[in-house]
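With TSV, C-alpha atoms inside, this is run-v4.tsv:
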```
chain	number	residue	atom	x	y	z
H	422	MET	CA	58.46	82.84	129.21
H	423	THR	CA	58.81	79.20	130.26
H	424	ALA	CA	58.19	78.06	126.67
H	425	ALA	CA	60.69	80.57	125.29
H	426	ILE	CA	63.38	79.33	127.68
H	427	GLU	CA	62.62	75.74	126.77
H	428	GLN	CA	63.02	76.59	123.10
H	429	LEU	CA	66.37	78.31	123.66
H	430	LEU	CA	67.61	75.27	125.56
H	431	ARG	CA	66.34	72.85	122.89
H	432	ASP	CA	68.14	74.89	120.24
H	433	ALA	CA	71.36	74.87	122.25
H	434	PHE	CA	71.10	71.18	123.22
H	435	PRO	CA	69.51	69.38	120.24
H	436	ASP	CA	70.34	66.03	121.85
H	437	VAL	CA	68.74	66.89	125.20
H	438	ARG	CA	67.49	63.80	127.08
H	439	GLU	CA	65.55	65.57	129.76
H	440	LEU	CA	64.45	69.17	129.97
H	441	GLU	CA	62.44	70.90	132.62
H	442	VAL	CA	61.82	74.60	133.08
H	443	THR	CA	60.01	75.69	136.23
H	444	ASP	CA	58.76	79.15	137.05
H	445	ARG	CA	59.71	79.05	140.73
H	446	THR	CA	57.62	81.93	141.96
H	447	GLY	CA	54.93	82.22	139.30
H	448	GLY	CA	56.19	85.71	138.54
H	449	GLY	CA	57.79	84.78	135.22
H	450	ASP	CA	61.33	85.80	136.11
H	451	HIS	CA	62.66	83.24	138.64
H	452	PHE	CA	63.38	79.96	136.91
H	453	HIS	CA	64.84	76.56	137.62
H	454	VAL	CA	66.07	74.69	134.59
H	455	THR	CA	67.09	71.04	134.53
H	456	VAL	CA	69.02	69.87	131.50
H	457	VAL	CA	70.24	66.31	130.91
H	458	SER	CA	72.42	66.00	127.84
H	459	PRO	CA	75.29	63.79	126.63
H	460	ARG	CA	77.07	67.06	125.88
H	461	PHE	CA	77.73	67.36	129.62
H	462	ASN	CA	79.44	63.99	129.86
H	463	SER	CA	82.78	64.35	131.61
H	464	LEU	CA	82.53	68.16	131.68
H	465	PRO	CA	83.12	69.85	135.07
H	466	LEU	CA	79.98	71.41	136.57
H	467	VAL	CA	81.29	74.93	135.99
H	468	ALA	CA	81.61	74.18	132.27
H	469	GLN	CA	78.16	72.56	132.23
H	470	HIS	CA	76.51	75.58	133.79
H	471	ARG	CA	78.42	77.93	131.48
H	472	LEU	CA	76.82	76.19	128.49
H	473	VAL	CA	73.38	76.81	130.00
H	474	TYR	CA	74.23	80.45	130.74
H	475	ASP	CA	75.43	80.82	127.13
H	476	ALA	CA	72.17	79.38	125.81
H	477	LEU	CA	70.18	81.83	127.93
H	478	ALA	CA	72.50	84.81	127.51
H	479	ALA	CA	69.82	86.97	125.86
H	480	PRO	CA	67.08	86.71	128.52
H	481	LEU	CA	69.73	86.88	131.28
H	482	GLY	CA	71.33	89.95	129.74
H	483	ASP	CA	68.13	91.95	129.28
H	484	GLY	CA	66.80	91.08	132.74
H	485	THR	CA	63.90	88.91	131.54
H	486	ILE	CA	65.38	86.20	133.75
H	487	HIS	CA	65.99	87.77	137.11
H	488	GLU	CA	67.14	84.61	138.86
H	489	LEU	CA	68.18	81.26	137.46
H	490	ARG	CA	68.76	77.96	139.19
H	491	ILE	CA	70.51	75.30	137.17
H	492	THR	CA	70.68	71.53	137.44
H	493	THR	CA	72.70	69.71	134.79
H	494	ARG	CA	73.68	66.09	134.22
H	495	GLY	CA	75.30	64.03	131.54
H	496	ASP	CA	73.41	60.97	130.37
H	497	THR	CA	75.84	58.34	131.63
A	1350	MET	CA	92.82	96.06	132.48
A	1351	SER	CA	91.20	98.21	135.14
A	1352	GLU	CA	92.65	98.81	138.56
A	1353	LEU	CA	89.52	97.33	140.10
A	1354	ARG	CA	89.88	94.17	138.07
A	1355	ASP	CA	93.48	93.85	139.27
A	1356	ARG	CA	92.35	94.19	142.87
A	1357	ILE	CA	89.66	91.53	142.37
A	1358	GLN	CA	92.22	89.23	140.79
A	1359	GLU	CA	94.70	89.75	143.62
A	1360	THR	CA	92.04	89.14	146.26
A	1361	ILE	CA	90.90	85.94	144.57
A	1362	ALA	CA	94.49	84.77	144.37
A	1363	ARG	CA	95.18	85.58	148.01
A	1364	GLU	CA	92.15	84.07	149.77
A	1365	PRO	CA	91.96	80.27	150.03
A	1366	VAL	CA	88.16	80.35	149.86
A	1367	ILE	CA	86.36	83.47	148.70
A	1368	ALA	CA	82.68	84.10	148.10
A	1369	PHE	CA	81.45	87.09	146.13
A	1370	VAL	CA	77.95	87.69	147.48
A	1371	LYS	CA	75.18	90.21	147.80
A	1372	GLY	CA	75.55	91.26	151.41
A	1373	THR	CA	78.04	90.12	154.02
A	1374	HIS	CA	78.84	86.85	155.77
A	1375	GLU	CA	76.50	87.99	158.56
A	1376	GLN	CA	73.65	89.28	156.42
A	1377	ALA	CA	72.96	88.05	152.89
A	1378	TYR	CA	70.62	90.14	150.79
A	1379	CYS	CA	69.90	87.40	148.31
A	1380	GLY	CA	68.71	83.83	148.77
A	1381	ASN	CA	71.36	82.44	146.45
A	1382	SER	CA	74.18	84.16	148.28
A	1383	GLU	CA	72.80	82.73	151.52
A	1384	ARG	CA	72.56	79.22	150.01
A	1385	ALA	CA	76.17	79.34	148.86
A	1386	MET	CA	77.45	80.51	152.24
A	1387	GLN	CA	75.37	77.89	154.05
A	1388	ALA	CA	76.87	75.20	151.83
A	1389	LEU	CA	80.38	76.33	152.77
A	1390	ARG	CA	79.38	76.36	156.44
A	1391	ALA	CA	77.87	72.90	156.12
A	1392	VAL	CA	81.31	71.46	155.38
A	1393	GLY	CA	83.01	73.74	157.91
A	1394	ALA	CA	84.92	75.83	155.40
A	1395	PRO	CA	85.83	79.31	156.64
A	1396	PHE	CA	85.60	81.82	153.81
A	1397	ALA	CA	86.17	85.46	153.02
A	1398	ALA	CA	83.06	87.17	151.70
A	1399	VAL	CA	83.14	90.15	149.38
A	1400	ASP	CA	79.99	92.24	149.05
A	1401	VAL	CA	79.34	93.16	145.41
A	1402	LEU	CA	76.47	95.52	146.20
A	1403	PRO	CA	78.37	98.73	147.13
A	1404	ASP	CA	79.65	99.20	143.58
A	1405	PRO	CA	78.09	97.73	140.39
A	1406	ALA	CA	81.54	97.82	138.81
A	1407	ILE	CA	82.68	95.00	141.11
A	1408	ARG	CA	80.14	92.65	139.60
A	1409	GLN	CA	80.94	93.76	136.04
A	1410	GLU	CA	84.67	93.31	136.44
A	1411	LEU	CA	84.29	90.05	138.36
A	1412	SER	CA	82.05	88.52	135.70
A	1413	ALA	CA	84.41	89.68	132.96
A	1414	LEU	CA	87.25	87.94	134.81
A	1415	SER	CA	85.43	84.75	135.72
A	1416	ARG	CA	83.20	84.40	132.64
A	1417	TRP	CA	80.34	83.71	135.04
A	1418	PRO	CA	77.28	85.94	134.76
A	1419	THR	CA	75.64	85.63	138.17
A	1420	ILE	CA	76.27	86.19	141.88
A	1421	PRO	CA	77.29	84.41	144.08
A	1422	GLN	CA	80.64	83.16	142.82
A	1423	ILE	CA	82.85	80.93	144.94
A	1424	PHE	CA	86.55	80.46	144.32
A	1425	VAL	CA	88.94	78.00	145.91
A	1426	ARG	CA	92.66	78.71	145.57
A	1427	GLY	CA	91.96	81.10	142.70
A	1428	GLU	CA	89.67	78.81	140.74
A	1429	LEU	CA	85.94	79.32	140.23
A	1430	ILE	CA	84.16	76.28	141.60
A	1431	GLY	CA	80.67	77.58	140.93
A	1432	GLY	CA	77.64	79.53	141.99
A	1433	ALA	CA	75.05	78.60	144.60
A	1434	ASP	CA	73.66	75.56	142.77
A	1435	ILE	CA	77.03	73.92	142.17
A	1436	VAL	CA	78.42	74.63	145.63
A	1437	GLN	CA	75.26	73.28	147.22
A	1438	GLU	CA	75.41	70.18	145.02
A	1439	LEU	CA	79.11	69.63	145.77
A	1440	ALA	CA	78.53	70.09	149.52
A	1441	ALA	CA	75.69	67.55	149.50
A	1442	SER	CA	77.66	64.95	147.54
A	1443	GLY	CA	80.81	65.31	149.63
A	1444	GLU	CA	82.82	66.52	146.65
A	1445	LEU	CA	83.29	69.97	148.15
A	1446	GLU	CA	85.38	68.52	150.97
A	1447	THR	CA	87.39	66.51	148.47
A	1448	THR	CA	88.02	69.65	146.44
A	1449	LEU	CA	89.05	71.63	149.53
A	1450	ASN	CA	91.35	68.83	150.66
A	1451	SER	CA	93.06	68.57	147.32
A	1452	LYS	CA	93.39	72.30	146.67
A	1453	LEU	CA	94.14	73.57	150.16
A	1454	GLY	CA	95.56	70.61	152.03
A	1455	GLU	CA	94.54	69.38	155.46
A	1456	GLY	CA	94.40	72.76	157.22
A	1457	TRP	CA	91.47	74.22	155.31
A	1458	ARG	CA	89.11	74.15	158.30
A	1459	GLU	CA	91.28	76.66	160.15
A	1460	GLY	CA	90.45	80.32	159.94
A	1461	GLU	CA	87.48	82.56	160.44
A	1462	GLU	CA	84.53	83.47	158.34
A	1463	ARG	CA	84.65	87.18	157.58
A	1464	THR	CA	83.76	89.89	155.12
A	1465	ILE	CA	86.60	91.74	153.46
A	1466	ALA	CA	86.84	94.88	151.36
A	1467	LEU	CA	88.58	94.68	148.02
A	1468	THR	CA	90.57	97.72	149.00
A	1469	ASP	CA	92.41	95.58	151.57
A	1470	ALA	CA	94.34	94.05	148.71
A	1471	THR	CA	96.15	97.31	148.06
A	1472	PRO	CA	96.38	99.26	151.32
A	1473	ASN	CA	95.88	102.94	150.74
A	1474	PRO	CA	98.61	104.87	152.57
A	1475	PHE	CA	96.25	107.80	153.00
A	1476	ARG	CA	93.50	105.82	154.61
A	1477	VAL	CA	92.87	106.73	158.22
A	1478	VAL	CA	93.03	103.63	160.35
A	1479	GLY	CA	91.14	104.19	163.56
```
Would you mind giving the structure from this file in structure tokens?
Amino acid sequence: MTAAIEQLLRDAFPDVRELEVTDRTGGGDHFHVTVVSPRFNSLPLVAQHRLVYDALAAPLGDGTIHELRITTRGDT
Amino acid sequence: MSELRDRIQETIAREPVIAFVKGTHEQAYCGNSERAMQALRAVGAPFAAVDVLPDPAIRQELSALSRWPTIPQIFVRGELIGGADIVQELAASGELETTLNSKLGEGWREGEERTIALTDATPNPFRVVG
């Protein structure tokens, strides 16, 4: 699942500078994603996280991701 | 627009700081809800908690309103400021206090942490108060 999430994030953020997906519990449904992208520059955190939620809407919607922690940063 | 969604909207508009959580202010049933409430406590911000667990419709209507898919959700003066990760990050960086100052003015530390029912927004005349 980690690889699938990474792919979804790469597709959504083609210019990603830094990407890390961690399976927090080893159970394959609690994840922490870190995304650094220029797309986040000057966007409020709520808007930044919304973009990540949008990218992962499918696995969040069907329950594949049970819990998601998000860290986002612009590249400036 | 459902009646429940109206009540959620009114409650968000009325409370200076409101946290939609799994559980209550005294007992969180989810680590993320606990993290968010701890972050608010860390800066000394009293908040009203709303438990989303009693009725799945609360979460559905809330997320439809806020365009935010997960719980917890924290609002200040009617505006979504984030979930657990953002609130924790803002508390750690000092930005949460800045936000509270600018949105609520100097008095935001006054008040008591509590859990409220959404039904309080529209008192039911037939409810027995005992």
Within 7 Å of chain H: each chain A residue with its shortest pair, all atoms listed in the file, as a tab-separated table:
```
residue	atom	partner	partner_atom	distance
A:Ile1430	CA	H:Val467	CA	6.4
A:Gly1431	CA	H:Val467	CA	5.6
A:Asp1434	CA	H:Ile491	CA	6.4
A:Ile1435	CA	H:Leu466	CA	6.8
```
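A straight line drawn from CA of Pro1395 in chain A to CA of Glu1462 in chain A is 4.7 Å long.
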* How many Å lie between CA of Asp450 in chain H and CA of Asp496 in chain H, rounded to one decimal? -> 28.2 Å
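Atom pair CA of Ile1367 in chain A / CA of Leu1429 in chain A has a distance of 9.4 Å (rounded to one decimal).
Within 7 Å of the point (78.8, 83.7, 151.4) in file coordinates, and counting only C-alpha atoms, lie the residues Ala1368, Phe1369, Val1370, Thr1373, His1374, Ser1382, Glu1383, Ala1385, Met1386 and Ala1398 of chain A.
Using only C-alpha atoms, the smallest distance between any of H:Ala476, H:Leu464, H:Val457, H:Ala425 and Leu440 in chain H comes from H:Val457.
Considering all atoms listed in the file, the residue among A:Ala1394, A:Gly1443, A:Gln1376, A:Leu1411 positioned nearest to Leu1467 in chain A is A:Leu1411.
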* Within 12 Å of (63.0, 83.1, 139.3), in the coordinates the file gives, what residues turn up when you count only C-alpha atoms, written out as an MDAnalysis selection string? -> (chainID H and resid 422:423 442:454 481 484:491) or (chainID A and resid 1380:1381)
* To do: For Leu1353 in chain A, work out the shell of residues within 10 Å, counting only C-alpha atoms and skipping chain neighbours fewer than 2 positions away, then give it as an MDAnalysis selection string.
  => chainID A and resid 1350:1351 1355:1359 1406:1407 1410:1411 1467:1468
* To do: Find the residue from A:Val1436, A:Val1399, A:Ala1377, A:Ile1420 that sits nearest to Leu1449 in chain A; use all atoms listed in the file when measuring.
  =>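 Residue with the minimum atom-to-atom distance to Leu1449 in chain A: A:Val1436.
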* To do: Considering only C-alpha atoms, return as JSON, numbers by chain whatever protein or nucleic-acid residues lie within 9 Å of Val437 in chain H, sequence-local ones (same chain, fewer than 4 positions apart) excluded.
  => {"H": [430, 431, 433, 456, 457, 458, 459, 460]}
Padded axis-aligned box of range 424-429 of chain H (6 Å per side), centre and edge lengths, Å, one decimal, as AutoDock Vina command-line options:
```
--center_x 62.3 --center_y 78.2 --center_z 125.4 --size_x 20.2 --size_y 16.8 --size_z 16.6
```
* Which neighbours of Ile1361 in chain A fall inside 9 Å, counting only C-alpha atoms, when residues of the same chain fewer than 5 positions from it are skipped, and could you give them as an NGL selection string? -> :A and (1356 or 1366-1367 or 1424-1428)
* Near Ala1391 in chain A, counting only C-alpha atoms, which residues have an atom at most 9 Å away, once you skip same-chain residues fewer than 4 positions from it, shown as a list in words? ->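 Final neighbour list, sorted by chain and number: Met1386, Gln1387, Ala1440 and Ala1441 of chain A.
If you measure from each of H:Arg494, H:Arg438, H:Thr455, H:Gln428 to Gln469 in chain H using all atoms listed in the file, the closest one turns out to be H:Arg494.
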* May I ask which of the residues H:Asp483, H:Phe461, H:Thr497, H:Val473 is the closest one to Glu427 in chain H, counting all atoms listed in the file? =>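 Nearest candidate to Glu427 in chain H out of H:Asp483, H:Phe461, H:Thr497, H:Val473: H:Val473.
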